[in-house]
Structure formats: structure tokens, C-alpha cells
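Before any comments, here is the structure.
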Amino acid sequence: MIELKSAEEIGRMAVTGQFVGELLAELSGLAAVGVNLLDLEQHARHRIKERGAQSCYWDYAPSFGRGPFRNVLCLSVNDAVLHGLPHDYVLRDGDLLSIDMAVSVDGWAADSALSVIVGTPDPADLKLIEATEVALEAAIAAAQPGGRLGDVSAAIGEVAHSYGYRVNGEFGGHGIGRTMHEAPHVANNGRSRRGLKLEPGLTIAIEPWFCGSTDKIRFDDDGWTIRSADGSRTAHSEHTVAITDSGPRVLTRRPADGATSADPSGRSAAAS
Ligand code: MG
Ligand code: MG
């Protein structure tokens, strides 16, 4: 069942989204050569507790995971793209780090992710990150009332293909609201003018992620961390978006977005 949210409920999700955006911006600024992933996890735990928010990840136990998740961040490095477990790893020069987090505040969830380069960027990695960011913005622009969910999926697929990347069909975006994962599934590829009608009040997490040279994935033995099957690098960008009468409203914009959304290399320079 898909629950359409009232304007007031979307406003409450936006409060959560603002916190998620601020914390992700903070974490991307902290990610630097020599920083341990566990330090980023600890920082996020502290900030979430201080805010009175609840992590949507803590105790999350989907069918594919091994045991309940006991972290507040997914930190995926290089060929890891989704559900990376924060572990004892010190970031190295040139690492590509994806940070994904979802929390709820007063019962309303928001979910967002970004990828950054730590230290010296490889142009191929910048291109990969840029593709996910451009795909995300194209998908947001396609999330218009009266349109179809396929418009969103097709927008992502078109950008991926224009950059020369293939799209994995197993993991994509999702409805979000009172919980992190709600109907509908938001595929990262599809056909425009097909699928669910986009009505005002629909709230979805849109999350393009691509691998450098494959659309196949493999799981680590931990049952969580998803990597590109061929070891190529990966990137992931995500926002929580509400369909409103006047168009898409991004609920998880980050403070630095205005300065860097069109220039991914600017952000990586700022983080290094
Ligand atoms: Mg997420
Ligand atoms: Mg998500």
C-alpha cells in the first residue's frame, strides 16, 4: 500500500531531511586521508543521539542481511557500493567513499547518500560520482505530479547509459515516510510514461548507484556489504523527494549543495 502524505507530514519529513543533509555534509567534510571509518560512525551516533533522532538502520534486518544491522551509517569504500559496514579501516589517498544514512525524527524518516573522493581524485572516479549526481538531479526533475514512476527510472537509466555505465536491477530506490522502506520500489532503469502515477503526497528515496564497468554485484561474507562483481569502483547518490502540486521537493538538500552540486570536483577538493 502506498501512503500519500499531507503537506504537514511532508513538512515533518523535511525537518528530518534537513538534519540528514547537515550531518551528511559534516561527514563528507570529515572524511579525509588517515580517518578511520569507525570515527565517522561514532561522530554520526553522537550527532543522532544529540538531536533526539533514531537511526533507521539500527536493528534493520532484511532477508539478505546477516543478523540485525548495528550501525547508523553505511560506509562503502571503492568497489563496495551499498550497505558497507563501518569497520576498522583508515581511509587512504584516492579512496572513493559512499556515505548513506537514514534517520527518523518524531516518527518521520529521511534517507540520503553521497560519494566523495578522499585526497587525490582519479578522473575516472570523479566521472562516476558525477554520473550518479547528474542522474539523481535528472530523476528529481522527472518526478512531476501527473507523471509516472517510469519517468523517474528512465531518467536515471538514460544518464547512466550516456556516461557508458550499466544499471543493476536488483537494488534501487523506495517509498519512505513513517518507515525507511515503503512501497513503491523505484527502479534505476525503466520506461517513461509507465508505472505508478505520481501524485502529490508521494514521498520517495531516489538513489542511483553505478559500477565502473559492470552491472553485476557480489556480497561479502558479512551478508551486508555489496560490491561490484568485477572489483571496479562504484558511486551512489540519494535524496528523499516529495511530489507536490508545484513539482518535486527535495527534503534532504545539503548546506553545500548550492556551491557544489554542479561541480563534483569542487566538493572533493573541499574534502581533501
Ligand atoms: Mg540510503
Ligand atoms: Mg534508500
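Labels used: A, B, ... for chains in the order of the C-alpha cells, numbers from 1 for residues in each chain, and numbers from 1 for ligands as shown.
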Selection: 6 Å around Glu133 of chain A, only C-alpha atoms, excl. self and same-chain fewer than 3 positions, as a PyMOL selection string: chain A and resi 130+136+237
Enumerate the residues of segment 94-144 of chain A with a DSSP assignment of strand (DSSP E), computed from the backbone, and present them as an MDAnalysis selection string. chainID A and resid 96:105 108:117
Residues from last step as file, N, CA and C atoms, as a PDB file, in the first residue's frame:
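Output (result34.pdb):
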```pdb
ATOM      1  N   LEU A  96      37.456   6.127  -2.726  1.00  0.00           N
ATOM      2  CA  LEU A  96      36.114   6.622  -3.067  1.00  0.00           C
ATOM      3  C   LEU A  96      35.169   6.113  -1.981  1.00  0.00           C
ATOM      4  N   LEU A  97      34.645   7.044  -1.211  1.00  0.00           N
ATOM      5  CA  LEU A  97      33.798   6.678  -0.064  1.00  0.00           C
ATOM      6  C   LEU A  97      32.346   7.073  -0.320  1.00  0.00           C
ATOM      7  N   SER A  98      31.435   6.111  -0.159  1.00  0.00           N
ATOM      8  CA  SER A  98      29.998   6.408  -0.199  1.00  0.00           C
ATOM      9  C   SER A  98      29.458   6.348   1.224  1.00  0.00           C
ATOM     10  N   ILE A  99      28.731   7.403   1.590  1.00  0.00           N
ATOM     11  CA  ILE A  99      28.140   7.505   2.926  1.00  0.00           C
ATOM     12  C   ILE A  99      26.625   7.544   2.770  1.00  0.00           C
ATOM     13  N   ASP A 100      25.939   6.629   3.424  1.00  0.00           N
ATOM     14  CA  ASP A 100      24.482   6.524   3.308  1.00  0.00           C
ATOM     15  C   ASP A 100      23.904   6.522   4.714  1.00  0.00           C
ATOM     16  N   MET A 101      22.865   7.321   4.943  1.00  0.00           N
ATOM     17  CA  MET A 101      22.240   7.307   6.270  1.00  0.00           C
ATOM     18  C   MET A 101      20.757   7.622   6.183  1.00  0.00           C
ATOM     19  N   ALA A 102      20.012   7.015   7.087  1.00  0.00           N
ATOM     20  CA  ALA A 102      18.581   7.276   7.213  1.00  0.00           C
ATOM     21  C   ALA A 102      18.254   7.352   8.695  1.00  0.00           C
ATOM     22  N   VAL A 103      17.542   8.404   9.082  1.00  0.00           N
ATOM     23  CA  VAL A 103      17.094   8.539  10.470  1.00  0.00           C
ATOM     24  C   VAL A 103      15.643   8.984  10.458  1.00  0.00           C
ATOM     25  N   SER A 104      14.999   8.814  11.613  1.00  0.00           N
ATOM     26  CA  SER A 104      13.690   9.428  11.763  1.00  0.00           C
ATOM     27  C   SER A 104      13.730  10.378  12.962  1.00  0.00           C
ATOM     28  N   VAL A 105      12.980  11.450  12.834  1.00  0.00           N
ATOM     29  CA  VAL A 105      12.799  12.435  13.910  1.00  0.00           C
ATOM     30  C   VAL A 105      11.291  12.534  14.138  1.00  0.00           C
ATOM     31  N   TRP A 108       9.218  10.457  11.616  1.00  0.00           N
ATOM     32  CA  TRP A 108       9.248  10.655  10.155  1.00  0.00           C
ATOM     33  C   TRP A 108      10.666  10.499   9.638  1.00  0.00           C
ATOM     34  N   ALA A 109      10.823   9.680   8.621  1.00  0.00           N
ATOM     35  CA  ALA A 109      12.148   9.268   8.145  1.00  0.00           C
ATOM     36  C   ALA A 109      12.621  10.098   6.958  1.00  0.00           C
ATOM     37  N   ALA A 110      13.934  10.160   6.806  1.00  0.00           N
ATOM     38  CA  ALA A 110      14.574  10.710   5.606  1.00  0.00           C
ATOM     39  C   ALA A 110      15.856   9.918   5.363  1.00  0.00           C
ATOM     40  N   ASP A 111      16.214   9.784   4.111  1.00  0.00           N
ATOM     41  CA  ASP A 111      17.286   8.876   3.671  1.00  0.00           C
ATOM     42  C   ASP A 111      18.079   9.596   2.586  1.00  0.00           C
ATOM     43  N   SER A 112      19.403   9.604   2.705  1.00  0.00           N
ATOM     44  CA  SER A 112      20.205  10.287   1.700  1.00  0.00           C
ATOM     45  C   SER A 112      21.608   9.699   1.674  1.00  0.00           C
ATOM     46  N   ALA A 113      22.264   9.830   0.548  1.00  0.00           N
ATOM     47  CA  ALA A 113      23.619   9.283   0.399  1.00  0.00           C
ATOM     48  C   ALA A 113      24.426  10.164  -0.545  1.00  0.00           C
ATOM     49  N   LEU A 114      25.743  10.114  -0.368  1.00  0.00           N
ATOM     50  CA  LEU A 114      26.649  10.810  -1.281  1.00  0.00           C
ATOM     51  C   LEU A 114      27.937  10.010  -1.398  1.00  0.00           C
ATOM     52  N   SER A 115      28.678  10.314  -2.449  1.00  0.00           N
ATOM     53  CA  SER A 115      30.007   9.727  -2.628  1.00  0.00           C
ATOM     54  C   SER A 115      31.032  10.849  -2.737  1.00  0.00           C
ATOM     55  N   VAL A 116      32.184  10.633  -2.122  1.00  0.00           N
ATOM     56  CA  VAL A 116      33.269  11.617  -2.187  1.00  0.00           C
ATOM     57  C   VAL A 116      34.595  10.896  -2.411  1.00  0.00           C
ATOM     58  N   ILE A 117      35.545  11.654  -2.947  1.00  0.00           N
ATOM     59  CA  ILE A 117      36.914  11.152  -3.046  1.00  0.00           C
ATOM     60  C   ILE A 117      37.696  11.696  -1.857  1.00  0.00           C
TER      61      ILE A 117
END
```
Counting only C-alpha atoms and all ligand atoms, name the residues that have an atom within 12 Å of an atom of ligand 2; the answer should be given as a PyMOL selection string. chain A and resi 56-57+73-74+82-83+99-103+109-114+171-177+179-187+203-209+236-241+252
Selection: 9 Å around Ala131 of chain A, only C-alpha atoms, excl. self and same-chain fewer than 5 positions, as a ChimeraX atom specification: /A:126,136,159-160,162-163,165,208-210,235
Rounded to one decimal in Å, what is the spacing between atom CA of Gly157 of chain A and atom CA of Gly169 of chain A? 10.4 Å
Going by DSSP on the backbone, which bits of segment 132-183 of chain A are helix (DSSP H, G or I)? Write them as a PyMOL selection string, please. chain A and resi 132-142+149-163
Tell me which of A:Pro248, A:Gly67, A:Gly84, A:Gly29 sits closest to ligand 1, counting only C-alpha atoms and all ligand atoms.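 Smallest separation from ligand 1 among the options: A:Gly84.
The shortest atom-to-atom distance to ligand 1, with only C-alpha atoms and all ligand atoms taken into account, belongs to A:Leu75 out of A:Thr214, A:Leu75, A:Ile129, A:Tyr89.
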Point out the residue among A:Gly65, A:Pro121, A:Gly17, A:Pro200 with the least atom-to-atom distance to Ala53 of chain A, counting only C-alpha atoms.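 Smallest distance to Ala53 of chain A is found for A:Gly17.
The space between atom CA of Lys197 of chain A and atom CA of Arg254 of chain A spans 28.2 Å.
Counting only C-alpha atoms and all ligand atoms and comparing A:Ser6, A:Asn189, A:Asn168, A:Ser76, the residue that lies closest to ligand 1 is A:Ser76.
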Which residues are near segment 41-45 of chain A? Cut-off 9 Å, only C-alpha atoms, ignore same chain within fewer than 2 positions. Put them as a CSV table (one decimal) with N, CA and C atoms, in the first residue's frame.
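The resulting out.csv:
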```csv
chain,number,residue,atom,x,y,z
A,23,LEU,N,24.1,16.5,8.5
A,23,LEU,CA,25.0,15.5,9.0
A,23,LEU,C,25.8,14.9,7.9
A,24,LEU,N,25.2,14.7,6.8
A,24,LEU,CA,26.0,14.1,5.6
A,24,LEU,C,27.0,15.1,5.2
A,27,LEU,N,29.9,14.9,7.6
A,27,LEU,CA,30.6,13.6,7.5
A,27,LEU,C,31.5,13.7,6.2
A,37,LEU,N,37.1,4.7,9.5
A,37,LEU,CA,35.6,4.7,9.3
A,37,LEU,C,34.9,4.6,10.6
A,38,LEU,N,35.5,4.0,11.6
A,38,LEU,CA,34.8,3.9,12.9
A,38,LEU,C,34.6,5.3,13.5
A,39,ASP,N,35.5,6.2,13.2
A,39,ASP,CA,35.4,7.6,13.8
A,39,ASP,C,34.2,8.3,13.1
A,47,ARG,N,25.9,12.6,17.0
A,47,ARG,CA,25.0,13.7,16.5
A,47,ARG,C,23.6,13.2,16.5
A,48,ILE,N,23.3,12.0,16.1
A,48,ILE,CA,22.0,11.5,16.1
A,48,ILE,C,21.3,11.4,17.5
A,49,LYS,N,22.1,11.0,18.5
A,49,LYS,CA,21.6,11.0,19.8
A,49,LYS,C,21.4,12.4,20.3
A,50,GLU,N,22.3,13.3,20.1
A,50,GLU,CA,22.2,14.7,20.5
A,50,GLU,C,20.9,15.3,19.9
A,55,SER,N,18.1,6.2,14.4
A,55,SER,CA,18.7,5.6,13.2
A,55,SER,C,17.7,4.6,12.7
A,71,ASN,N,24.8,-0.4,13.2
A,71,ASN,CA,25.5,0.8,12.9
A,71,ASN,C,24.5,1.8,12.4
A,72,VAL,N,24.9,3.1,12.4
A,72,VAL,CA,24.0,4.2,12.0
A,72,VAL,C,24.3,4.7,10.6
A,73,LEU,N,25.5,4.2,10.1
A,73,LEU,CA,25.9,4.6,8.7
A,73,LEU,C,26.2,3.4,7.9
A,74,CYS,N,26.0,3.5,6.6
A,74,CYS,CA,26.6,2.6,5.7
A,74,CYS,C,27.8,3.3,5.0
A,75,LEU,N,29.0,2.7,5.2
A,75,LEU,CA,30.2,3.3,4.6
A,75,LEU,C,30.8,2.3,3.7
A,86,PRO,N,30.6,-0.1,8.7
A,86,PRO,CA,31.7,0.6,9.3
A,86,PRO,C,32.6,-0.4,10.0
A,87,HIS,N,33.9,-0.3,9.6
A,87,HIS,CA,34.8,-1.3,10.2
A,87,HIS,C,36.2,-0.6,10.4
```
Neighbour list for Pro145 of chain A as an MDAnalysis selection string, cut-off 7 Å, only C-alpha atoms, skip fewer than 5 positions in-chain: chainID A and resid 198:200 243:245 247
Writer output for current selection, C-alpha atoms, as a PDB file, in the first residue's frame:
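Saved result, part-v3.pdb, follows:
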```pdb
ATOM      1  CA  LEU A 198       2.983  10.295  -9.479  1.00  0.00           C
ATOM      2  CA  GLU A 199       0.522  12.027  -7.185  1.00  0.00           C
ATOM      3  CA  PRO A 200       1.124  14.911  -4.788  1.00  0.00           C
ATOM      4  CA  ILE A 243       5.936  15.032  -5.120  1.00  0.00           C
ATOM      5  CA  THR A 244       3.945  18.207  -4.513  1.00  0.00           C
ATOM      6  CA  ASP A 245       1.344  20.134  -6.505  1.00  0.00           C
ATOM      7  CA  GLY A 247       6.643  19.841  -8.504  1.00  0.00           C
TER       8      GLY A 247
END
```
